[in-house]
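Heads up, model-v4.csv below (CSV, C-alpha atoms):
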```csv
chain,number,residue,atom,x,y,z
V,6,MET,CA,5.3,-58.2,12.1
V,7,ALA,CA,5.8,-54.5,12.6
V,8,HIS,CA,6.2,-51.1,10.9
V,9,ILE,CA,7.0,-48.3,13.3
V,10,ASN,CA,4.8,-45.8,11.9
V,11,GLY,CA,3.8,-49.4,11.2
V,12,ILE,CA,3.9,-53.0,12.9
V,13,LEU,CA,3.6,-56.1,10.7
V,14,THR,CA,1.0,-58.6,11.9
V,15,ALA,CA,0.8,-62.0,10.2
V,16,ALA,CA,0.9,-65.8,10.7
V,17,SER,CA,3.0,-68.4,8.8
V,18,LEU,CA,1.6,-71.8,7.6
V,19,MET,CA,3.7,-75.0,7.4
V,20,VAL,CA,1.9,-76.8,4.7
V,21,GLY,CA,3.3,-80.3,5.4
V,22,ALA,CA,2.5,-80.3,9.1
V,23,PRO,CA,-0.2,-82.7,10.5
V,24,ALA,CA,-2.5,-79.8,11.6
V,25,THR,CA,-2.4,-77.9,8.3
V,26,ALA,CA,-6.1,-78.5,7.5
V,27,ASP,CA,-7.2,-77.2,10.9
V,28,ALA,CA,-4.9,-74.1,10.6
V,29,VAL,CA,-6.3,-73.3,7.2
V,30,ALA,CA,-9.8,-73.6,8.5
V,31,ARG,CA,-9.0,-71.2,11.3
V,32,ALA,CA,-7.4,-68.7,9.0
V,33,ARG,CA,-10.5,-68.7,6.7
V,34,ARG,CA,-12.6,-67.8,9.8
V,35,LEU,CA,-10.3,-64.8,10.3
V,36,PRO,CA,-10.3,-62.9,6.9
V,37,GLY,CA,-8.3,-60.0,8.4
V,38,LEU,CA,-5.4,-62.3,9.3
V,39,LYS,CA,-2.4,-62.1,6.9
V,40,VAL,CA,-1.0,-65.6,6.3
V,41,GLY,CA,2.3,-66.5,4.6
V,42,LEU,CA,4.1,-69.7,3.7
V,43,HIS,CA,6.6,-71.2,6.2
V,44,LEU,CA,8.8,-73.3,4.0
V,45,ALA,CA,10.0,-76.4,6.0
V,46,LEU,CA,13.1,-78.0,4.5
V,47,VAL,CA,14.8,-79.3,7.7
V,48,GLU,CA,13.5,-81.1,10.8
V,49,SER,CA,10.1,-81.9,9.2
V,50,ARG,CA,8.5,-84.1,6.6
V,51,PRO,CA,8.5,-83.2,2.9
V,52,VAL,CA,5.3,-82.5,1.0
V,53,LEU,CA,6.5,-84.7,-1.9
V,54,PRO,CA,6.8,-88.5,-1.3
V,55,PRO,CA,10.2,-89.3,0.3
V,56,ALA,CA,11.1,-91.4,-2.7
V,57,GLN,CA,11.1,-88.3,-4.9
V,58,VAL,CA,13.6,-86.5,-2.6
V,59,PRO,CA,16.0,-89.3,-1.4
V,60,ALA,CA,19.0,-86.9,-1.2
V,61,LEU,CA,17.1,-84.8,1.4
V,62,VAL,CA,15.6,-87.3,3.7
V,63,ASP,CA,16.6,-90.0,6.2
V,64,ALA,CA,15.6,-93.6,6.4
V,65,ASP,CA,12.3,-92.6,8.0
V,66,GLY,CA,11.4,-90.2,5.1
V,67,ARG,CA,12.0,-87.1,7.2
V,68,PHE,CA,14.2,-84.1,6.3
V,69,ARG,CA,17.4,-84.6,8.3
V,70,ASP,CA,17.9,-82.9,11.6
V,71,GLY,CA,20.5,-80.2,11.9
V,72,MET,CA,21.4,-77.8,9.1
V,73,LEU,CA,25.1,-78.1,8.4
V,74,GLY,CA,24.9,-81.5,6.7
V,75,PRO,CA,21.9,-80.6,4.4
V,76,ALA,CA,23.5,-77.2,3.7
V,77,ILE,CA,26.7,-78.8,2.5
V,78,ARG,CA,24.9,-81.4,0.4
V,79,ILE,CA,22.6,-78.9,-1.3
V,80,PHE,CA,25.6,-76.8,-2.2
V,81,PHE,CA,27.7,-79.6,-3.8
V,82,ASP,CA,25.1,-82.2,-5.0
V,83,PRO,CA,23.2,-81.3,-8.2
V,84,ALA,CA,20.7,-84.1,-7.6
V,85,ALA,CA,20.0,-82.7,-4.1
V,86,ARG,CA,19.5,-79.2,-5.6
V,87,ARG,CA,17.0,-80.5,-8.2
V,88,GLN,CA,15.1,-82.4,-5.5
V,89,LEU,CA,15.1,-79.3,-3.3
V,90,ALA,CA,13.7,-77.2,-6.1
V,91,ALA,CA,10.9,-79.7,-6.6
V,92,GLU,CA,10.1,-79.7,-2.9
V,93,ILE,CA,10.0,-76.0,-2.7
V,94,GLU,CA,7.7,-75.8,-5.7
V,95,ALA,CA,5.5,-78.5,-4.1
V,96,GLN,CA,5.1,-76.5,-0.9
V,97,PHE,CA,4.2,-73.3,-2.9
V,98,GLN,CA,1.6,-75.4,-4.8
V,99,ALA,CA,0.2,-76.8,-1.6
V,100,TYR,CA,-0.1,-73.3,-0.2
V,101,ALA,CA,-1.8,-72.1,-3.4
V,102,ALA,CA,-4.3,-75.0,-3.1
V,103,THR,CA,-5.5,-73.6,0.3
V,104,GLY,CA,-6.9,-70.5,-1.5
V,105,LEU,CA,-5.4,-68.2,1.1
V,106,PRO,CA,-3.7,-65.1,-0.2
V,107,LEU,CA,0.1,-65.3,0.1
V,108,ASP,CA,1.2,-62.4,2.3
V,109,HIS,CA,4.9,-63.4,2.6
V,110,VAL,CA,7.3,-66.2,2.7
V,111,ASP,CA,9.8,-67.3,5.4
V,112,SER,CA,11.3,-70.7,6.3
V,113,HIS,CA,11.9,-73.0,9.3
V,114,LYS,CA,15.2,-72.2,11.0
V,115,HIS,CA,15.6,-69.4,8.4
V,116,PHE,CA,17.1,-72.0,6.0
V,117,HIS,CA,16.5,-69.6,3.1
V,118,LEU,CA,19.6,-67.8,4.3
V,119,HIS,CA,21.5,-70.5,2.5
V,120,PRO,CA,22.4,-68.9,-0.8
V,121,THR,CA,21.2,-71.8,-2.9
V,122,VAL,CA,18.0,-72.2,-1.0
V,123,GLY,CA,17.3,-68.4,-1.0
V,124,ALA,CA,17.9,-68.2,-4.8
V,125,LEU,CA,15.5,-71.1,-5.4
V,126,VAL,CA,12.8,-69.6,-3.1
V,127,ILE,CA,13.0,-66.3,-5.0
V,128,ASP,CA,12.9,-67.9,-8.4
V,129,ILE,CA,10.1,-70.3,-7.7
V,130,GLY,CA,8.2,-68.0,-5.3
V,131,ARG,CA,7.9,-65.3,-7.9
V,132,LYS,CA,6.0,-67.7,-10.2
V,133,PHE,CA,3.4,-68.1,-7.4
V,134,GLY,CA,3.0,-64.4,-6.8
V,135,MET,CA,5.4,-64.0,-3.9
V,136,LYS,CA,5.9,-60.3,-3.2
V,137,ALA,CA,7.5,-60.3,0.3
V,138,LEU,CA,10.2,-62.3,1.9
V,139,ARG,CA,11.5,-62.4,5.5
V,140,VAL,CA,15.1,-61.1,5.6
V,141,PRO,CA,16.2,-61.8,9.2
V,142,ILE,CA,18.5,-58.8,9.9
V,143,GLU,CA,18.4,-58.1,13.7
V,144,PRO,CA,20.3,-55.0,14.8
V,145,SER,CA,22.4,-55.8,17.8
V,146,ALA,CA,22.5,-52.2,19.0
V,147,ILE,CA,18.8,-52.2,19.9
V,148,LEU,CA,19.1,-55.6,21.6
V,149,ASN,CA,22.1,-54.4,23.6
V,150,SER,CA,20.2,-51.4,24.8
V,151,ILE,CA,17.7,-53.8,26.5
V,152,GLU,CA,20.0,-56.7,27.4
V,153,LYS,CA,23.7,-57.1,26.7
V,154,GLN,CA,24.2,-59.7,24.0
V,155,SER,CA,27.2,-61.9,23.1
V,156,ARG,CA,27.9,-62.3,19.3
V,157,SER,CA,28.7,-65.9,18.4
V,158,LEU,CA,30.3,-66.9,15.1
V,159,ASP,CA,26.9,-68.3,14.0
V,160,VAL,CA,25.3,-64.9,14.6
V,161,VAL,CA,28.0,-63.2,12.6
V,162,VAL,CA,27.7,-65.6,9.7
V,163,ALA,CA,23.9,-65.5,9.7
V,164,GLY,CA,24.1,-61.7,9.6
V,165,ARG,CA,26.3,-61.7,6.5
V,166,GLN,CA,24.0,-64.2,4.8
V,167,ALA,CA,21.0,-62.0,5.6
V,168,MET,CA,22.7,-59.0,4.0
V,169,GLY,CA,23.2,-61.1,0.8
V,170,LEU,CA,19.6,-62.2,0.9
V,171,GLN,CA,18.5,-58.6,1.3
V,172,LYS,CA,20.4,-57.6,-1.9
V,173,LYS,CA,18.7,-60.5,-3.8
V,174,ALA,CA,15.2,-59.4,-2.5
V,175,ARG,CA,15.8,-55.8,-3.5
V,176,ARG,CA,17.1,-56.8,-6.9
V,177,HIS,CA,13.8,-58.7,-7.5
V,178,HIS,CA,11.6,-56.0,-6.0
V,179,LEU,CA,10.5,-58.1,-3.1
V,180,MET,CA,9.2,-56.4,0.0
V,181,ALA,CA,11.2,-57.0,3.2
V,182,ALA,CA,11.3,-55.6,6.7
V,183,ASP,CA,14.0,-53.1,7.5
V,184,ARG,CA,14.8,-55.3,10.6
V,185,VAL,CA,13.5,-58.5,12.3
V,186,PHE,CA,13.4,-59.2,16.0
V,187,GLY,CA,13.0,-62.6,17.5
V,188,LEU,CA,16.3,-64.3,16.5
V,189,ALA,CA,18.4,-63.7,19.6
V,190,TRP,CA,15.4,-64.3,21.9
V,191,SER,CA,13.8,-67.0,19.9
V,192,GLY,CA,11.3,-68.8,22.1
V,193,ALA,CA,11.7,-66.3,24.8
V,194,MET,CA,10.1,-63.1,23.5
V,195,THR,CA,8.7,-62.2,26.9
V,196,GLU,CA,6.4,-59.3,27.8
V,197,ALA,CA,9.3,-57.2,29.1
V,198,ARG,CA,11.4,-57.8,25.9
V,199,VAL,CA,8.5,-57.2,23.4
V,200,ALA,CA,7.4,-54.0,25.2
V,201,ALA,CA,11.0,-52.7,25.4
V,202,LEU,CA,11.4,-53.3,21.6
V,203,LEU,CA,8.2,-51.6,20.7
V,204,GLU,CA,9.0,-48.6,23.0
V,205,GLN,CA,12.3,-47.8,21.2
V,206,LEU,CA,12.0,-49.0,17.6
V,207,PRO,CA,13.3,-46.6,15.0
V,208,ASP,CA,11.1,-45.6,12.0
V,209,GLY,CA,10.7,-48.0,9.2
V,210,VAL,CA,9.3,-51.5,8.8
V,211,THR,CA,10.0,-53.9,11.6
V,212,GLU,CA,9.0,-57.6,12.1
V,213,LEU,CA,8.7,-59.1,15.5
V,214,TYR,CA,8.2,-62.8,15.3
V,215,THR,CA,7.1,-65.1,18.1
V,216,HIS,CA,5.9,-68.7,18.6
V,217,PRO,CA,2.8,-68.3,20.9
V,218,ALA,CA,0.9,-71.2,22.2
V,219,THR,CA,-1.1,-72.1,25.3
V,220,ALA,CA,1.5,-74.7,26.3
V,221,GLY,CA,4.5,-76.6,24.8
V,222,LEU,CA,3.0,-80.0,24.9
V,223,PHE,CA,2.3,-80.5,21.2
V,224,ALA,CA,4.2,-82.7,18.8
V,225,GLY,CA,7.3,-81.0,17.5
V,226,ALA,CA,7.5,-78.5,20.4
V,227,ALA,CA,11.1,-77.2,20.9
V,228,PRO,CA,12.6,-78.0,24.3
V,229,GLY,CA,13.0,-74.9,26.4
V,230,TYR,CA,10.7,-72.7,24.2
V,231,ARG,CA,8.5,-70.5,26.4
V,232,TYR,CA,5.4,-70.7,24.2
V,233,ALA,CA,2.9,-69.7,26.8
V,234,ASP,CA,5.1,-66.7,27.9
V,235,GLU,CA,5.2,-65.5,24.3
V,236,LEU,CA,1.4,-65.7,24.0
V,237,ALA,CA,1.1,-63.8,27.3
V,238,ALA,CA,3.5,-61.2,25.9
V,239,LEU,CA,1.4,-60.6,22.8
V,240,THR,CA,-1.8,-60.3,24.8
V,241,SER,CA,-0.5,-58.3,27.8
V,242,PRO,CA,-2.1,-54.9,28.5
V,243,ARG,CA,1.3,-53.3,28.5
V,244,VAL,CA,2.2,-54.5,25.0
V,245,VAL,CA,-1.2,-53.8,23.6
V,246,ALA,CA,-1.1,-50.3,24.9
V,247,VAL,CA,2.3,-49.6,23.3
V,248,ALA,CA,1.2,-51.2,20.0
V,249,LYS,CA,-1.9,-48.8,19.9
V,250,ARG,CA,0.3,-45.7,20.1
V,251,GLY,CA,-0.4,-43.2,17.4
V,252,ASP,CA,2.9,-43.7,15.7
V,253,ILE,CA,2.5,-47.4,15.2
V,254,ARG,CA,0.3,-49.1,12.5
V,255,LEU,CA,-0.5,-52.8,12.5
V,256,ILE,CA,-0.1,-54.0,8.9
V,257,GLY,CA,0.9,-57.0,6.8
V,258,TYR,CA,3.5,-57.4,4.1
V,259,SER,CA,0.6,-57.4,1.5
V,260,ASP,CA,-0.4,-54.0,2.8
V,261,LEU,CA,3.2,-52.7,2.1
V,262,ALA,CA,3.1,-54.2,-1.4
V,263,ALA,CA,-0.2,-52.6,-2.1
V,264,GLU,CA,1.1,-49.2,-0.9
V,265,ALA,CA,4.2,-49.5,-3.0
V,266,ALA,CA,2.2,-50.4,-6.2
```

In structure tokens, write the structure found in this file.
Amino acid sequence: MAHINGILTAASLMVGAPATADAVARARRLPGLKVGLHLALVESRPVLPPAQVPALVDADGRFRDGMLGPAIRIFFDPAARRQLAAEIEAQFQAYAATGLPLDHVDSHKHFHLHPTVGALVIDIGRKFGMKALRVPIEPSAILNSIEKQSRSLDVVVAGRQAMGLQKKARRHHLMAADRVFGLAWSGAMTEARVAALLEQLPDGVTELYTHPATAGLFAGAAPGYRYADELAALTSPRVVAVAKRGDIRLIGYSDLAAEAA
């Protein structure tokens, strides 16, 4: 994450994933690493037993793939909303059980942009000490200055939902970045793109999110994601040099919350 005059640096933990224990152990060995909760409510497995969230899962006990169907059901089905609330609370409880400080909260596929999901995340998260929330607002003007972008209907709708989420976050005094980069180029945040973003970011708090890995051969890897290229971008001498400029600070959401207190 980034704050020009500050860059946000953090990791997100998916508490229901198979390698959660290993991820938590690694995080504990890096006390300076800021870690947040990555709520997974689609295309993954619930933390609760599937029998407790039948409206949300398929016959194999997994959250359903795709987002349109679950989004519609959550909006119209009271039972689905109750089960969703229970699952969100269970994921917050699972994160709390790790003992890791909660730096921020975000969600898989940015599903908390759904008004119902976002409202539940805020209501439940505040009980667990949530002080920061990812609000994925990505300014197209900066992207277009690097590479020309096309604006699809999905992008327009997501942008409007993000503005609504931003208002909710501010109303509840939650920290959020002024802007987030990594949506349009998700899975392809290359060295050239990351360096270009860092070189021309405006003042304020900016999050750059990536999916770095040494290879894309792990279970659940997204087809076409350039995991190794994103890792190379974050460790490249060019990007490191720009990030160490005097007008950029590497911080976490928790640092912002502490400064605002």

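The gap separating CA of Val52 in chain V from CA of Ala16 in chain V is 19.8 Å, in Å to one decimal.
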
Which residues are close to range 161-174 of chain V, i.e. within 8 Å by only C-alpha atoms, leaving aside same-chain residues fewer than 3 positions away? Reply as a CSV table (one decimal) with C-alpha atoms, in the coordinates of the input.
```csv
chain,number,residue,atom,x,y,z
V,118,LEU,CA,19.6,-67.8,4.3
V,119,HIS,CA,21.5,-70.5,2.5
V,120,PRO,CA,22.4,-68.9,-0.8
V,123,GLY,CA,17.3,-68.4,-1.0
V,124,ALA,CA,17.9,-68.2,-4.8
V,127,ILE,CA,13.0,-66.3,-5.0
V,138,LEU,CA,10.2,-62.3,1.9
V,140,VAL,CA,15.1,-61.1,5.6
V,141,PRO,CA,16.2,-61.8,9.2
V,142,ILE,CA,18.5,-58.8,9.9
V,143,GLU,CA,18.4,-58.1,13.7
V,156,ARG,CA,27.9,-62.3,19.3
V,157,SER,CA,28.7,-65.9,18.4
V,158,LEU,CA,30.3,-66.9,15.1
V,177,HIS,CA,13.8,-58.7,-7.5
V,178,HIS,CA,11.6,-56.0,-6.0
V,179,LEU,CA,10.5,-58.1,-3.1
V,180,MET,CA,9.2,-56.4,0.0
V,181,ALA,CA,11.2,-57.0,3.2
```

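You will find CA of Lys114 in chain V at 26.3 Å from CA of Arg33 in chain V.
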
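Take the candidates V:Gly66, V:Gly229, V:Gly187, V:Gly130 and check each one against Leu213 in chain V using all atoms listed in the file; the shortest distance goes to V:Gly187.
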
Using all atoms listed in the file and a cutoff of 10 Å, can you tell me which residues are near (7.2, -55.8, 1.1) in the file's coordinates, and write them out as a PyMOL selection string? chain V and resi 108-109+135-139+174-175+178-183+210+257-265

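The spacing separating CA of Ala76 in chain V from CA of Val122 in chain V amounts to 8.8 Å.
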
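You can rank V:Asp128, V:Glu212, V:Phe80, V:Asp27 by their closest distance to Ile256 in chain V using only C-alpha atoms, and at the top of that list sits V:Glu212.
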
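Proximity of V:Ala28, V:Val244, V:Leu239, V:Ala201 to Pro217 in chain V, computed with only C-alpha atoms, is greatest for V:Leu239.
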
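Minimum atom-to-atom distance to Gly104 in chain V, evaluated using all atoms listed in the file, belongs to V:Ala30 out of V:Arg67, V:Leu188, V:Ala30, V:Arg231.
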
Please determine, counting only C-alpha atoms, which residue among V:Ala102, V:Ala220, V:Leu203, V:Ala233 has the shortest atom-to-atom distance to Asp252 in chain V. V:Leu203

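Ranking V:Gln154, V:Val20, V:Val29, V:Ile147 by their shortest atom-to-atom distance to Glu94 in chain V, with all atoms listed in the file included, puts V:Val20 first.
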
Can you pull out every residue within 8 Å of range 54-62 of chain V, counting only C-alpha atoms, but drop anything in the same chain fewer than 3 positions away, and send it as a ChimeraX atom specification? /V:51,65-69,75,84-85,88-89,92

Local residues around (11.0, -71.3, 7.4), at most 6 Å away, using only C-alpha atoms, as a PyMOL selection string: chain V and resi 43-45+111-115
